[in-house]
Every structure is written in C-alpha cells, then in structure tokens.
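J.: My structure is below; once you've seen it, I'll send some questions.
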Amino acid sequence: MSGRIGRRRLPHALLVLVGLINLVPLYYMIVSALQRGGQFFEAGRLLPPVDPAWSNFERLFTENGFGRLLVNSVIVTVAAVVAATVIAVLGAYAFTRIRTRAAGALFNTTVALLAVPPIVVLVPLFLLAADAGLINNRLAPIVIYVGFIMPFSILLLKNFFDEIPHELLQAARVEGASSLQELRHVILPLSRAPLVALAVVNALWVWNELLISIVFLQDEQQRTLQAGIAFFAGRNVVDIPMTMAGSLVATLPILVAFILGQRYFVRGLTGGAIKS
Amino acid sequence: MSSTIVLDAVSKTYANGVRAVDSVSLAVEAGEFVVLVGPSGCGKSTLLRMVAGLEDLTDGRIIIGDKDVSDVPPKHRDVAMVFQSYALFPHMTVAQNIGFGLRMRRFAKDDTEKRVQEAARILELTHLLDRRPAALSGGQRQRVAMGRALVRDARAFLMDEPLSNLDAQLRGVMRMELRQMHERVKGTTLYVTHDQVEALTLGDRVAVLRDGHLQQCASPHEIFTRPANVFVAAFIGSPAMNLMQGTHVDGSVHVADVTVPVMNRRHGTAEVVLGLRPAAFEDAEFAREEGLCRMRVVPSAVEDLGDEKHVVFSIDAPAVIPSELRADDGVARRSAVITARVHPRSSARTGEAMDVTFDPREAHLFDPESGKAMDA
C-alpha cells in the first residue's frame, strides 16, 4: 500500500513542478504589469511591487487607444469564428454524407492543409489582398483566418459526425427530413460539445494571431489587440509594464471563454461517444 | 391510407460484387402483414431497406400504391420504419420523437399535438411524453419507436427486427401487442425477423428468403404444412423437421430398415429426401391410429418439457441439412439424428431401446437434386 503511494508521489511532484513552471510567465506578466515605468529596470522586479501601479490599466485606454483595439479584435474574432463554424459544419456534413472517391480525395487534401504554416503563404495572400484592395480592411484577415482554421474544423466535426449512429440519420430521412433538416434537427443538437470546443479553440487562435493581423492591418484604426500591443514597444520607447498590462487584459476574454466552454472541451476534442 | 407494396424482380448487388438480393418478386396487399424471414445474411434486411429507400436497387422496380418509387428518396416514399436499435433521437423527448415526422412534414402544431397524444394513448406512453429515451426501459423505447411509425398514417410500415433487443418474456408480450395493433390499424406491414416463431405468429403471409432468393411466400399454415423445398422445411418449425435420405421404389420409400408407403405413385427407383416433423412421431405405447410405421430405436437423449417429451435417436440413413442451418462444422453426418415429440407420459429413457411410430401420411418428399417438394 505504502509502496503504491510512494510510486505515485514522484509523478505527482513532477506534475506540480511542471505546473508551477508554466505559471511563472503569468506571474511575471502580472507583476510586471503593475510596475511603474522606471521600476522595471531596478533590482527586485520579480517581487510584487510595494505600491502597484493600477493606473497602468487606465492608461491603456486613455493613452493607447486600447478600447479601439479591443473592439477590432472582437469584430475579427467573432466574424471569423462564426463564418468558420458555419462553413465547417456544412463541409463536414458533406464529407460525412458523400462517400465518393473524389470526395475522399478532397477531404484528404483539406486535412493536408493543416501542415501549411501561415508564413509560407503570406506573400501570395498579401499580393492577392492588395489586388482586391483589401489591405487595411478587416475583411482580409477574417477571410484568411477562416481559411486557416478550416482544415482542423472540418476534420474535428467530420470525425464527430461519423460517429453518430447511421440508423438515427436513416430514421430522420425515412421520417421525411431533408438534408438540412437532418443536419439541423439531429446532427447539430448531438454535436454541441465539439461545436463549443471548436469555437473556443478557433477563437483562441484568431484572438492571439499576430503575423497576419500586423501585415494586413497596417492602419492604426484597424489594428487588433495583439498587433496593437506589439506596437506599444516601438512607439513609447520600451514601456514593458504597459505591454504587460495590455497582454494581461487581452488574455481575459479568452480565459473566460475557455472556462465557460471547459465543460464541453475535453469531451469535444476527444471524439464523439454518444450515449446510446 | 395503407397501400400495396409490389416488388418486381428486385435485385441488389453491392460494390464488392456480393449479390444480397436476387430477383425477388413479391406483392403485399393493402393492409396485409408479410414477414420476411431467413437466416442471417439472407438479404431480408437489405430488401426492407430497399423498400424504405435506404439502399439503391441494382435491378427491378418497387411500387408503393400506384407509384413506382424505385428512384424516389426515402422522405418522399411516405413509409414508416421501425429499426432494430429503435433509432430514437436521444436529445428529444418522447413527444418530440413521436412527432418528429409530422414536424418535418410541416403539419400544423395543434394537429401534431393531437396525433402525438392519440398515439401515446394507444401505446400507453402518455405519462412518459416528457422523458428522454435514455430514461426509458427497453420495452418503452420500443413503444416510442412504434409510436413514431404509427402517428403519421404512413402508406406502409417497415419493421427491421423490432423485437430482437427485448428479453424473451417482453418479446412475447410485444409480439401480441404488435399483432393487436395491426388488427386495429390495418396498415400494410413488411416485417423482418430471423425468428420463425415471430414469423408464424405475426404474419398473414410469411416469405422465406435464402441467399437473396425468395424460397416461398405463403400463409404460416401452408409454409408449415406444405414447405416448397428442403430449406423451408428445415428452417420453419421447432424442433426442426427431420430430413433424411431414402430410396423411393414404386410407391414406398425405404429409409434405414423401414418402408414408408407414400402417396406418390412414381415408378422406378430414385433417391429422395424424406421429411418428418417431430410431431409425426409417437411412442408406440401411446399410438392408437391405423397404418402407422414402426421402428425400434435407442434414444441418445430424452428431453422432458412437461407437456411433451422430445426423444432424440439416430437412424441408419444419411442426414440432409441445408448448409446455413447446420449447427456443426458443416460435415454431413452419416446417420440422421431424429427428434421425435412423444406423449408426456412416455417412459422413454436414454439408452433403453423402445418402439416409436410415425404417420406416413405426414411424410414430406423432396427431390435430392433441386431440393424441391415432390407432389404428393
């Protein structure tokens, strides 16, 4: 008995250690966000400041247009996630229903796109967007984000749809449901977990995306949060506490989304066992 | 609103070349209850799914009412189907499950409500209407599946082994309810089962399938008393008909050391298959009729069922068993094992020789080549 506990103690200690290491950057971010500009370069900056500079958060909005950045990010994220979810649902449903060789090839190609890193297609996309007059238009990153999150979204949803018992779908069809009715009344209600999980994962990625946002939205008025925060450093010399305060606030919405979606999260990502 | 169902030389060949259904023709009258029965893999479920529109036809036509539906998608066929797994929608309540088809067909809300209530009343589900399927017992789920089929007044009911997930006792009850339901609703029904008791008790007619071929379609009585071939004879009836090889010589059949006089006045010598139902036998001590054949046997087993006894013995004649129905490794046994149903007070004992009789008028004769019944 004691042997078993002893054997478990070591892995647990390791897990706790890894967990703490993971929390260090977060701690550092919080502590730094509360320093005053000059303090940051003094000794003892890793300790909580004696008089925390709560005003940093106020300055985010008053001096740095943080509100505008926040609104831009929300617009881009919501638009991209909603569009991606709608398209991925329809696409995954089509791949579930249509079992031809051509459809299989198309599906495999779609999934293979997971392996393409954004930076590889950045220049061609930029040229395309320039031709279409979409530079500094939020539509450009939205469309590009939808494209990048599509392969994973379709893969996840199709795997889940495939596990819905065939007889349920056949019953729906015999009962007179059209394809869209079958999707709406049977498949989607049974797929809440993966849909929520997918929306959270996608929102997380879009919200945190920097490269595409910085390249396609060069106008300050259009910038998203991550891009805007990146520019804090360049403009006002190096105001690390301000950057950290911005990052901290930028983390909050996504943290909330994650906590709210957590219930569905593991269930959605680990596949689709349906209670029969 | 029940319609006729006509299957006209319907065939199904799968992409891998397997011919699951081979030119089956069958006409189901309006309001008739026809049972498709056969061993697993005989194509009965495939055939049913073809009627539902869930499988494409390779050849032939399916006509429901006066409409050729061969290429019509399931939702426009207006048939109702009960699946083996019930296929209830887990996220809907019982009421929503029953009313699903009506909602899809855009029935008015109050009409839907009224029909769901009516179906629930008939099936005694009224108190369960707000529950989800997960909170129901097997029998209740089965009823909900029936309700979903009933509520729509469909042109035909298709049932794919709807009772096979229930335990034996409940199955018996539901079987009776199903039959009563049919008497009341009189909907055209095509019912698939591998259980011959279900087939005989439920069907107005029984269609026996083997390897995708229709063997015989007739009333339960005719299927039992006049099987068209060896397969039907062996498949229908429990315990199964005893089939053995014999030699037909001028109006009698010689099996082992017994001579069985038969009606068939064919001349000359020919091999035949002789079939005798267990009920054709009797312990000689209890046999009163005239003209019985008698033989001396040594029982290898005696089963006492209370109201009857089954005596099992071998005779010195080759057994005939269709390949799908063989319980052993498929090797033909040299001597036929006979099961005889005898009087419950018979003193038959394992290992003790006894006399049994059988009635030669109940003998079935089959052609050993084609397996077909020979005219009596």
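Letters A, B, ... go to the chains of the structure tokens in the order shown; residues in each chain start at 1; ligands are counted from 1 in the same order.
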Quick check: residues of chain B within 7 Å of chain A, only C-alpha atoms, returned as a list in words.
T.: Ala52, Pro74, Lys75, His76, Val79, Ala80, Met81, Ala87, Leu88, Phe89, His91, Gly101, Met104 and Arg105 of chain B
J.: Just write the chosen residues, all heavy atoms, as an mmCIF file, in the first residue's frame.
T.:
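Saved file result.cif follows:
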data_model
loop_
_atom_site.group_PDB
_atom_site.id
_atom_site.type_symbol
_atom_site.label_atom_id
_atom_site.label_comp_id
_atom_site.auth_asym_id
_atom_site.auth_seq_id
_atom_site.Cartn_x
_atom_site.Cartn_y
_atom_site.Cartn_z
ATOM 1 N N ALA B 52 -37.566 0.959 -48.105
ATOM 2 C CA ALA B 52 -37.545 2.244 -47.404
ATOM 3 C C ALA B 52 -36.830 3.315 -48.220
ATOM 4 O O ALA B 52 -37.000 4.502 -47.972
ATOM 5 C CB ALA B 52 -36.864 2.093 -46.048
ATOM 6 N N PRO B 74 -36.072 8.443 -49.669
ATOM 7 C CA PRO B 74 -36.905 7.943 -48.567
ATOM 8 C C PRO B 74 -37.964 8.938 -48.102
ATOM 9 O O PRO B 74 -39.092 8.545 -47.809
ATOM 10 C CB PRO B 74 -35.902 7.676 -47.442
ATOM 11 C CG PRO B 74 -34.553 7.779 -48.029
ATOM 12 C CD PRO B 74 -34.646 8.298 -49.411
ATOM 13 N N LYS B 75 -37.608 10.222 -48.048
ATOM 14 C CA LYS B 75 -38.553 11.172 -47.435
ATOM 15 C C LYS B 75 -39.812 11.338 -48.276
ATOM 16 O O LYS B 75 -40.822 11.802 -47.769
ATOM 17 C CB LYS B 75 -37.876 12.519 -47.190
ATOM 18 C CG LYS B 75 -37.433 13.242 -48.434
ATOM 19 C CD LYS B 75 -37.018 14.667 -48.063
ATOM 20 C CE LYS B 75 -36.460 15.368 -49.295
ATOM 21 N NZ LYS B 75 -36.543 16.818 -49.178
ATOM 22 N N HIS B 76 -39.744 10.980 -49.568
ATOM 23 C CA HIS B 76 -40.935 11.111 -50.403
ATOM 24 C C HIS B 76 -41.677 9.797 -50.580
ATOM 25 O O HIS B 76 -42.606 9.713 -51.372
ATOM 26 C CB HIS B 76 -40.560 11.685 -51.773
ATOM 27 C CG HIS B 76 -40.070 13.101 -51.699
ATOM 28 N ND1 HIS B 76 -40.735 14.081 -51.006
ATOM 29 C CD2 HIS B 76 -38.947 13.690 -52.193
ATOM 30 C CE1 HIS B 76 -40.056 15.223 -51.094
ATOM 31 N NE2 HIS B 76 -38.957 14.994 -51.798
ATOM 32 N N VAL B 79 -43.243 6.125 -46.091
ATOM 33 C CA VAL B 79 -43.313 4.879 -45.337
ATOM 34 C C VAL B 79 -42.758 5.162 -43.941
ATOM 35 O O VAL B 79 -42.051 6.139 -43.739
ATOM 36 C CB VAL B 79 -42.485 3.749 -45.992
ATOM 37 C CG1 VAL B 79 -43.062 3.403 -47.345
ATOM 38 C CG2 VAL B 79 -41.029 4.134 -46.098
ATOM 39 N N ALA B 80 -43.137 4.329 -42.983
ATOM 40 C CA ALA B 80 -42.612 4.484 -41.635
ATOM 41 C C ALA B 80 -41.763 3.262 -41.339
ATOM 42 O O ALA B 80 -42.084 2.159 -41.770
ATOM 43 C CB ALA B 80 -43.749 4.596 -40.634
ATOM 44 N N MET B 81 -40.664 3.465 -40.607
ATOM 45 C CA MET B 81 -39.771 2.335 -40.350
ATOM 46 C C MET B 81 -39.439 2.247 -38.867
ATOM 47 O O MET B 81 -39.203 3.260 -38.214
ATOM 48 C CB MET B 81 -38.490 2.509 -41.172
ATOM 49 C CG MET B 81 -37.561 1.335 -41.094
ATOM 50 S SD MET B 81 -36.530 1.227 -42.572
ATOM 51 C CE MET B 81 -35.431 -0.091 -42.108
ATOM 52 N N ALA B 87 -33.516 3.555 -32.969
ATOM 53 C CA ALA B 87 -33.093 4.818 -33.568
ATOM 54 C C ALA B 87 -33.911 5.993 -33.048
ATOM 55 O O ALA B 87 -34.364 6.835 -33.812
ATOM 56 C CB ALA B 87 -33.159 4.746 -35.094
ATOM 57 N N LEU B 88 -34.101 6.056 -31.736
ATOM 58 C CA LEU B 88 -34.769 7.216 -31.149
ATOM 59 C C LEU B 88 -33.751 8.350 -31.042
ATOM 60 O O LEU B 88 -32.578 8.101 -30.795
ATOM 61 C CB LEU B 88 -35.310 6.874 -29.756
ATOM 62 C CG LEU B 88 -36.309 5.723 -29.718
ATOM 63 C CD1 LEU B 88 -36.765 5.477 -28.290
ATOM 64 C CD2 LEU B 88 -37.498 6.013 -30.615
ATOM 65 N N PHE B 89 -34.227 9.587 -31.220
ATOM 66 C CA PHE B 89 -33.318 10.720 -31.134
ATOM 67 C C PHE B 89 -33.053 11.022 -29.661
ATOM 68 O O PHE B 89 -33.961 11.395 -28.930
ATOM 69 C CB PHE B 89 -33.916 11.926 -31.853
ATOM 70 C CG PHE B 89 -34.266 11.621 -33.280
ATOM 71 C CD1 PHE B 89 -35.574 11.661 -33.715
ATOM 72 C CD2 PHE B 89 -33.277 11.242 -34.181
ATOM 73 C CE1 PHE B 89 -35.898 11.351 -35.027
ATOM 74 C CE2 PHE B 89 -33.588 10.930 -35.491
ATOM 75 C CZ PHE B 89 -34.902 10.982 -35.916
ATOM 76 N N HIS B 91 -31.689 13.348 -28.003
ATOM 77 C CA HIS B 91 -31.812 14.699 -27.453
ATOM 78 C C HIS B 91 -33.253 15.196 -27.443
ATOM 79 O O HIS B 91 -33.509 16.322 -27.059
ATOM 80 C CB HIS B 91 -30.943 15.660 -28.263
ATOM 81 C CG HIS B 91 -31.279 15.658 -29.738
ATOM 82 N ND1 HIS B 91 -31.041 14.572 -30.543
ATOM 83 C CD2 HIS B 91 -31.846 16.586 -30.522
ATOM 84 C CE1 HIS B 91 -31.433 14.846 -31.774
ATOM 85 N NE2 HIS B 91 -31.936 16.053 -31.795
ATOM 86 N N GLY B 101 -41.641 13.167 -37.422
ATOM 87 C CA GLY B 101 -42.035 13.083 -38.825
ATOM 88 C C GLY B 101 -43.083 14.129 -39.186
ATOM 89 O O GLY B 101 -43.059 14.691 -40.284
ATOM 90 N N MET B 104 -41.307 17.433 -39.522
ATOM 91 C CA MET B 104 -40.558 17.517 -40.767
ATOM 92 C C MET B 104 -41.497 17.759 -41.947
ATOM 93 O O MET B 104 -41.152 18.385 -42.925
ATOM 94 C CB MET B 104 -39.768 16.221 -41.005
ATOM 95 C CG MET B 104 -38.665 15.970 -40.008
ATOM 96 S SD MET B 104 -37.445 17.291 -39.961
ATOM 97 C CE MET B 104 -37.843 18.045 -38.385
ATOM 98 N N ARG B 105 -42.702 17.204 -41.832
ATOM 99 C CA ARG B 105 -43.664 17.366 -42.926
ATOM 100 C C ARG B 105 -44.542 18.587 -42.723
ATOM 101 O O ARG B 105 -45.556 18.753 -43.398
ATOM 102 C CB ARG B 105 -44.519 16.098 -43.035
ATOM 103 C CG ARG B 105 -43.753 14.960 -43.699
ATOM 104 C CD ARG B 105 -44.360 13.614 -43.455
ATOM 105 N NE ARG B 105 -43.324 12.593 -43.446
ATOM 106 C CZ ARG B 105 -42.872 11.985 -44.536
ATOM 107 N NH1 ARG B 105 -43.379 12.275 -45.677
ATOM 108 N NH2 ARG B 105 -41.914 11.093 -44.450
#
J.: Looking only at alpha helix (DSSP H) from DSSP on the backbone, list the matching residues of stretch 48-261 of chain A as a PyMOL selection string.
T.: chain A and resi 55-64+66-97+101-112+122-131+139-162+166-174+179-182+188-190+192-208+211-216+225-235+240-261
J.: Pick from A:Leu34, A:Leu225, A:Leu26, A:Leu211: nearest to A:Leu70, with only C-alpha atoms counted?
T.: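 Among the listed residues, A:Leu225 lies closest to A:Leu70.
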J.: Separation of atom CA of B:Val342 and atom CA of B:Val297, in Å?
T.: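 A separation of 13.4 Å between them.
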J.: Quick one: pull the distance between atom CA of B:His248 and atom CA of B:Val232, Å, one decimal.
T.: 21.7 Å
J.: Between B:Arg341, B:Arg143, B:Arg361, B:Arg184, which residue has the minimum interatomic distance to B:Cys293, considering only C-alpha atoms?
T.: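 Smallest separation from B:Cys293 among the options: B:Arg361.
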J.: Nearest to A:Gln221: which of A:Ala115, A:Val86, A:Asn137, A:Pro49 is it, counting only C-alpha atoms?
T.: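 When distances to A:Gln221 are compared using only C-alpha atoms, the smallest one comes from A:Asn137.
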J.: Considering only C-alpha atoms, return as a CSV table (one decimal) with C-alpha atoms, in the first residue's frame whatever protein or nucleic-acid residues lie within 9 Å of B:Ile338, sequence-local ones (same chain, fewer than 4 positions apart) excluded.
T.:
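Written out: out_10.csv:
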chain,number,residue,atom,x,y,z
B,241,MET,CA,-38.2,-31.2,-39.4
B,242,ASN,CA,-36.2,-34.4,-39.6
B,243,LEU,CA,-34.7,-34.8,-43.0
B,244,MET,CA,-33.0,-38.0,-44.2
B,276,LEU,CA,-40.9,-36.0,-40.9
B,278,PRO,CA,-41.2,-34.3,-34.7
B,311,VAL,CA,-36.8,-38.2,-27.8
B,312,VAL,CA,-33.5,-38.0,-29.8
B,313,PHE,CA,-32.1,-41.0,-31.6
B,314,SER,CA,-30.1,-41.9,-34.7
B,315,ILE,CA,-31.2,-44.0,-37.6
